[in-house]
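**Student:** Just dropping this structure here.
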Amino acid sequence: MAEVKDPSEGVRIDLISGERMAGLTSMEKIRMILDGVREGNIVILEEGLSPDEESRLIEVTMTEISPDEFTGLEIETYPQSETADASFLNRLMGKQESKKLTVIGPANQIETLHKDETLIKTLVSRR
Amino acid sequence: MGLLTGLKSSISRAASTLFSEEEPKRIGIYGPPNAGKTTLANRIARDWTEHGDAIGPESHVPHETRRARRKENVEIERDGKTVTIDVVDTPGVTTKVDYTEFLEHDMEKDDAVRRSREATEGVAEAMHWLREDVDGVIYVLDSSTDPFTQVNTMLIGIIESQDLPVLILANKIDLEDSSVQRIKNAFPQHETTPVSALEGDNMDEVYDKIAEYFG
């Protein structure tokens with residue numbers, strides 16, 4: 001096992017499986033993401049968030065922004081609208097087709113270089 | 001306008017509100033900062049309300065609109081019919097607000113910090129309106145910029161998940177770098193209507209679409 005190094009020397013990446021997220025409530029997911037991002041980590045979700053959770057993530061993020069401390073987050077998924085393909089019945093039942101790899105990081109450390117339907121290129125910098 | 005004419009118009013408006021089958025639909029104008037949402041809202045208000053009052057101040061500085069503002073009972077006439085809507089101009093949605101960006105617009109630090117705090121409150125308010133209080137959305141994009149942004153993808157996804165009717169406008173077609181096709185390519189599942197809210201170009205088609213989507 002590699003020796004644990006000083007966290008300030010690198011950028012921590014948390015890869016969170018869909019299985020782990022499935023057991024959490026919406027607010028638990030949002031809290032986990034924001035706590036990670038506020039510590040300067042990059043959070044990668046295997047299956048992303050539902051549109052409603054994304055909406056709440058934006059709202060909660062806004063309440064936590066403070067000058068010289070936290071400027072918000074950068075979030076990236078492939079620019080495809082999965083919900084447009086979801087059947088009306090599934091949407092009615094609250095089953096959102098939200099399985100999309102999602103990268104989230106602190107706004108001042110992550111910069112999107114290129115993005116299209118099949119590729120996301122991101123530059124991550126240390127604090 | 002004479003007193004009598006004004007009175008008649010007020011009575012007629014009150015009667016139509018009293019006896020209308022349903023309340024006017026609340027149509028939220030959404031989009032990223034600096035897409036021209038307030039310019040569009042003001043254009044609609046000027047074209048279709050009696051006094052033509054502006055809904056809010058327009059500016060090139062991002063986050064000029066930091067509170068959602070509603071203009072009630074905007075009556076748009078199309079093909080002999082009247083479509084009545086409430087227009088809700090909302091703050092531009094983003095996932096980040098950095099006060100230092102306002103310093104580039106000749107603002108003192110205190111003003112920039114205050115503006116950024118109000119901007120974050122405005123974005124949260126806009127998201128709340130979207131989840132709870134609008135019946136349809138006019139999504140405004142600056143056609144001279146890249147539409148493949150996360151905010152656009154997320155917002156369109158949120159709007160679709162709520163089954164809200166959405167009219168996408170490719171604004172700022174008066175600019176040299178404008179590309180309506182780029183916006184059509186980004187959201188092929190929706191119809192895109194080109195417009196210049198500032199110059200008033202193609203507003204007739206926008207009003208046709210508003211009547212079609214929200215009437």
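Ordering of the structure tokens sets the chain letters (A, B, ...); residue numbers start at 1 within each chain; ligands are numbered from 1 in the order shown.
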Which chain B residues are at most 12 Å from chain A (counting only C-alpha atoms), as a PyMOL selection string?
**Tutor:** chain B and resi 93-101+109-110+112-132+146-163+185-190
**Student:** Would you please give, as an MDAnalysis selection string, all residues of chain B that DSSP assigns to alpha helix (DSSP H) based on the backbone?
**Tutor:** chainID B and resid 3:19 37:48 100:103 109:132 150:161 180:186 203:214
**Student:** Per DSSP on the backbone, what are the strand (DSSP E or B) residues of stretch 6-139 of chain B, as a PyMOL selection string?
**Tutor:** chain B and resi 25-30+69-78+81-89+96+136-139
**Student:** Write out the residues from the selection above, keeping N, CA and C atoms, as an mmCIF file, in the first residue's frame.
**Tutor:**
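The result, stored in selection_8.cif:
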data_model
loop_
_atom_site.group_PDB
_atom_site.id
_atom_site.type_symbol
_atom_site.label_atom_id
_atom_site.label_comp_id
_atom_site.auth_asym_id
_atom_site.auth_seq_id
_atom_site.Cartn_x
_atom_site.Cartn_y
_atom_site.Cartn_z
ATOM 1 N N LYS B 25 -51.507 31.872 -16.720
ATOM 2 C CA LYS B 25 -50.358 30.990 -16.448
ATOM 3 C C LYS B 25 -49.141 31.843 -16.119
ATOM 4 N N ARG B 26 -48.365 31.350 -15.144
ATOM 5 C CA ARG B 26 -47.123 32.050 -14.799
ATOM 6 C C ARG B 26 -46.000 31.483 -15.661
ATOM 7 N N ILE B 27 -45.447 32.338 -16.494
ATOM 8 C CA ILE B 27 -44.394 31.899 -17.403
ATOM 9 C C ILE B 27 -43.057 32.469 -16.934
ATOM 10 N N GLY B 28 -42.168 31.595 -16.540
ATOM 11 C CA GLY B 28 -40.855 32.012 -16.050
ATOM 12 C C GLY B 28 -39.878 32.200 -17.193
ATOM 13 N N ILE B 29 -39.172 33.319 -17.191
ATOM 14 C CA ILE B 29 -38.109 33.536 -18.179
ATOM 15 C C ILE B 29 -36.805 33.110 -17.517
ATOM 16 N N TYR B 30 -36.261 32.010 -18.014
ATOM 17 C CA TYR B 30 -35.056 31.431 -17.414
ATOM 18 C C TYR B 30 -33.890 31.454 -18.386
ATOM 19 N N ARG B 69 -39.028 38.832 -10.594
ATOM 20 C CA ARG B 69 -40.041 39.899 -10.666
ATOM 21 C C ARG B 69 -41.185 39.446 -11.558
ATOM 22 N N ARG B 70 -42.394 39.656 -11.070
ATOM 23 C CA ARG B 70 -43.570 39.190 -11.823
ATOM 24 C C ARG B 70 -44.373 40.368 -12.362
ATOM 25 N N LYS B 71 -44.699 40.280 -13.637
ATOM 26 C CA LYS B 71 -45.604 41.259 -14.251
ATOM 27 C C LYS B 71 -46.904 40.518 -14.524
ATOM 28 N N GLU B 72 -47.976 40.956 -13.860
ATOM 29 C CA GLU B 72 -49.219 40.206 -13.946
ATOM 30 C C GLU B 72 -50.079 40.627 -15.136
ATOM 31 N N ASN B 73 -50.885 39.668 -15.571
ATOM 32 C CA ASN B 73 -51.915 39.915 -16.590
ATOM 33 C C ASN B 73 -51.395 40.609 -17.855
ATOM 34 N N VAL B 74 -50.392 40.020 -18.451
ATOM 35 C CA VAL B 74 -49.911 40.519 -19.735
ATOM 36 C C VAL B 74 -50.784 39.867 -20.814
ATOM 37 N N GLU B 75 -51.540 40.699 -21.517
ATOM 38 C CA GLU B 75 -52.500 40.166 -22.496
ATOM 39 C C GLU B 75 -51.911 40.262 -23.894
ATOM 40 N N ILE B 76 -51.611 39.105 -24.462
ATOM 41 C CA ILE B 76 -51.013 39.074 -25.801
ATOM 42 C C ILE B 76 -52.088 38.666 -26.802
ATOM 43 N N GLU B 77 -52.295 39.518 -27.800
ATOM 44 C CA GLU B 77 -53.352 39.233 -28.780
ATOM 45 C C GLU B 77 -52.757 38.558 -29.999
ATOM 46 N N ARG B 78 -53.363 37.424 -30.345
ATOM 47 C CA ARG B 78 -52.894 36.649 -31.502
ATOM 48 C C ARG B 78 -54.096 36.103 -32.248
ATOM 49 N N LYS B 81 -57.514 36.228 -30.763
ATOM 50 C CA LYS B 81 -57.674 35.697 -29.400
ATOM 51 C C LYS B 81 -56.690 36.399 -28.467
ATOM 52 N N THR B 82 -57.023 36.385 -27.168
ATOM 53 C CA THR B 82 -56.121 36.992 -26.191
ATOM 54 C C THR B 82 -55.569 35.917 -25.261
ATOM 55 N N VAL B 83 -54.259 35.890 -25.156
ATOM 56 C CA VAL B 83 -53.606 34.965 -24.229
ATOM 57 C C VAL B 83 -53.102 35.794 -23.057
ATOM 58 N N THR B 84 -53.566 35.465 -21.858
ATOM 59 C CA THR B 84 -53.139 36.240 -20.686
ATOM 60 C C THR B 84 -52.134 35.427 -19.865
ATOM 61 N N ILE B 85 -50.967 36.020 -19.647
ATOM 62 C CA ILE B 85 -49.943 35.339 -18.850
ATOM 63 C C ILE B 85 -49.359 36.298 -17.803
ATOM 64 N N ASP B 86 -48.801 35.713 -16.759
ATOM 65 C CA ASP B 86 -47.966 36.491 -15.847
ATOM 66 C C ASP B 86 -46.522 36.220 -16.266
ATOM 67 N N VAL B 87 -45.763 37.261 -16.506
ATOM 68 C CA VAL B 87 -44.367 37.084 -16.913
ATOM 69 C C VAL B 87 -43.477 37.185 -15.675
ATOM 70 N N VAL B 88 -42.689 36.146 -15.426
ATOM 71 C CA VAL B 88 -41.791 36.158 -14.269
ATOM 72 C C VAL B 88 -40.351 36.224 -14.771
ATOM 73 N N ASP B 89 -39.715 37.372 -14.568
ATOM 74 C CA ASP B 89 -38.307 37.533 -14.959
ATOM 75 C C ASP B 89 -37.451 37.025 -13.807
ATOM 76 N N LYS B 96 -21.924 28.945 -9.624
ATOM 77 C CA LYS B 96 -20.838 29.631 -8.926
ATOM 78 C C LYS B 96 -21.002 31.144 -9.007
ATOM 79 N N GLY B 136 -44.935 27.357 -17.048
ATOM 80 C CA GLY B 136 -44.261 27.197 -18.331
ATOM 81 C C GLY B 136 -42.986 28.013 -18.313
ATOM 82 N N VAL B 137 -42.089 27.732 -19.271
ATOM 83 C CA VAL B 137 -40.786 28.404 -19.267
ATOM 84 C C VAL B 137 -40.433 28.931 -20.649
ATOM 85 N N ILE B 138 -39.947 30.181 -20.674
ATOM 86 C CA ILE B 138 -39.275 30.702 -21.867
ATOM 87 C C ILE B 138 -37.790 30.641 -21.532
ATOM 88 N N TYR B 139 -37.045 29.796 -22.256
ATOM 89 C CA TYR B 139 -35.619 29.628 -21.940
ATOM 90 C C TYR B 139 -34.807 30.468 -22.927
#
**Student:** So which residues touch A:Gly36 within 10 Å, counting only C-alpha atoms, skipping near sequence neighbours fewer than 2 positions away, as a PyMOL selection string?
**Tutor:** chain A and resi 12-14+30-34+38-43+104-106
**Student:** Suppose we keep N, CA and C atoms; can you now write the selection as a short mmCIF file (atom, residue, chain, number, x, y, z; two decimals), in the first residue's frame?
**Tutor:**
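Contents of out-v3.cif, as written:
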data_model
loop_
_atom_site.label_atom_id
_atom_site.label_comp_id
_atom_site.auth_asym_id
_atom_site.auth_seq_id
_atom_site.Cartn_x
_atom_site.Cartn_y
_atom_site.Cartn_z
N ARG A 12 -7.61 15.22 -4.08
CA ARG A 12 -8.29 13.97 -3.75
C ARG A 12 -9.50 13.79 -4.67
N ILE A 13 -9.66 12.59 -5.17
CA ILE A 13 -10.82 12.30 -6.02
C ILE A 13 -11.64 11.20 -5.35
N ASP A 14 -12.91 11.49 -5.11
CA ASP A 14 -13.81 10.49 -4.54
C ASP A 14 -14.69 9.95 -5.66
N ILE A 30 -26.67 15.46 -1.38
CA ILE A 30 -26.23 16.86 -1.58
C ILE A 30 -25.19 17.24 -0.53
N ARG A 31 -25.44 16.82 0.71
CA ARG A 31 -24.52 17.13 1.81
C ARG A 31 -23.16 16.47 1.57
N MET A 32 -23.21 15.20 1.15
CA MET A 32 -21.96 14.47 0.91
C MET A 32 -21.14 15.16 -0.20
N ILE A 33 -21.84 15.55 -1.28
CA ILE A 33 -21.16 16.22 -2.39
C ILE A 33 -20.56 17.55 -1.93
N LEU A 34 -21.37 18.37 -1.28
CA LEU A 34 -20.91 19.71 -0.88
C LEU A 34 -19.80 19.64 0.16
N ARG A 38 -16.27 21.25 -0.66
CA ARG A 38 -15.78 22.35 0.18
C ARG A 38 -14.43 22.04 0.80
N GLU A 39 -14.11 20.73 0.90
CA GLU A 39 -12.78 20.35 1.38
C GLU A 39 -11.75 20.39 0.25
N GLY A 40 -12.21 20.71 -0.97
CA GLY A 40 -11.29 20.81 -2.10
C GLY A 40 -11.17 19.52 -2.89
N ASN A 41 -12.08 18.57 -2.65
CA ASN A 41 -12.02 17.29 -3.37
C ASN A 41 -12.81 17.34 -4.68
N ILE A 42 -12.46 16.44 -5.58
CA ILE A 42 -13.26 16.25 -6.79
C ILE A 42 -14.15 15.03 -6.52
N VAL A 43 -15.42 15.19 -6.75
CA VAL A 43 -16.37 14.10 -6.51
C VAL A 43 -16.88 13.59 -7.85
N ILE A 104 -17.93 16.65 -10.16
CA ILE A 104 -18.23 17.89 -9.42
C ILE A 104 -16.99 18.32 -8.65
N GLY A 105 -16.67 19.59 -8.71
CA GLY A 105 -15.50 20.08 -7.98
C GLY A 105 -15.65 21.53 -7.61
N PRO A 106 -14.71 22.04 -6.80
CA PRO A 106 -14.77 23.46 -6.43
C PRO A 106 -14.58 24.34 -7.67
#
**Student:** I'd like to know which of B:Asp177, B:Asp111, B:Glu205, B:Glu58 is closest to B:Ser143, using only C-alpha atoms.
**Tutor:**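 The answer is B:Asp177, which sits nearest to B:Ser143.
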**Student:** What is the distance between atom CA of B:Val61 and atom CA of B:Pro33, in Å to one decimal?
**Tutor:**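 Atom CA of B:Pro33 lies 9.0 Å from atom CA of B:Val61.
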**Student:** Pick out the closest residue to A:Glu46 from this set: A:Val103, A:Ser17, A:Leu113, A:Ser26. Count only C-alpha atoms.
**Tutor:**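 Distance minimum relative to A:Glu46 lands on A:Ser17.
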**Student:** As an exercise, work out the distance from atom CA of B:Met203 to atom CA of B:Pro62 in Å and give it to one decimal place.
**Tutor:**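 Distance between the two atoms: 24.0 Å.
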**Student:** I'd like to know which of A:Leu119, A:Arg126, A:Leu49, A:Val11 is closest to A:Met27, using only C-alpha atoms.
**Tutor:**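 Closest residue, counting only C-alpha atoms: A:Leu49.
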**Student:** Between atom CA of B:Ala170 and atom CA of B:Arg66, what distance in Å does the model show, to one decimal?
**Tutor:** 22.4 Å
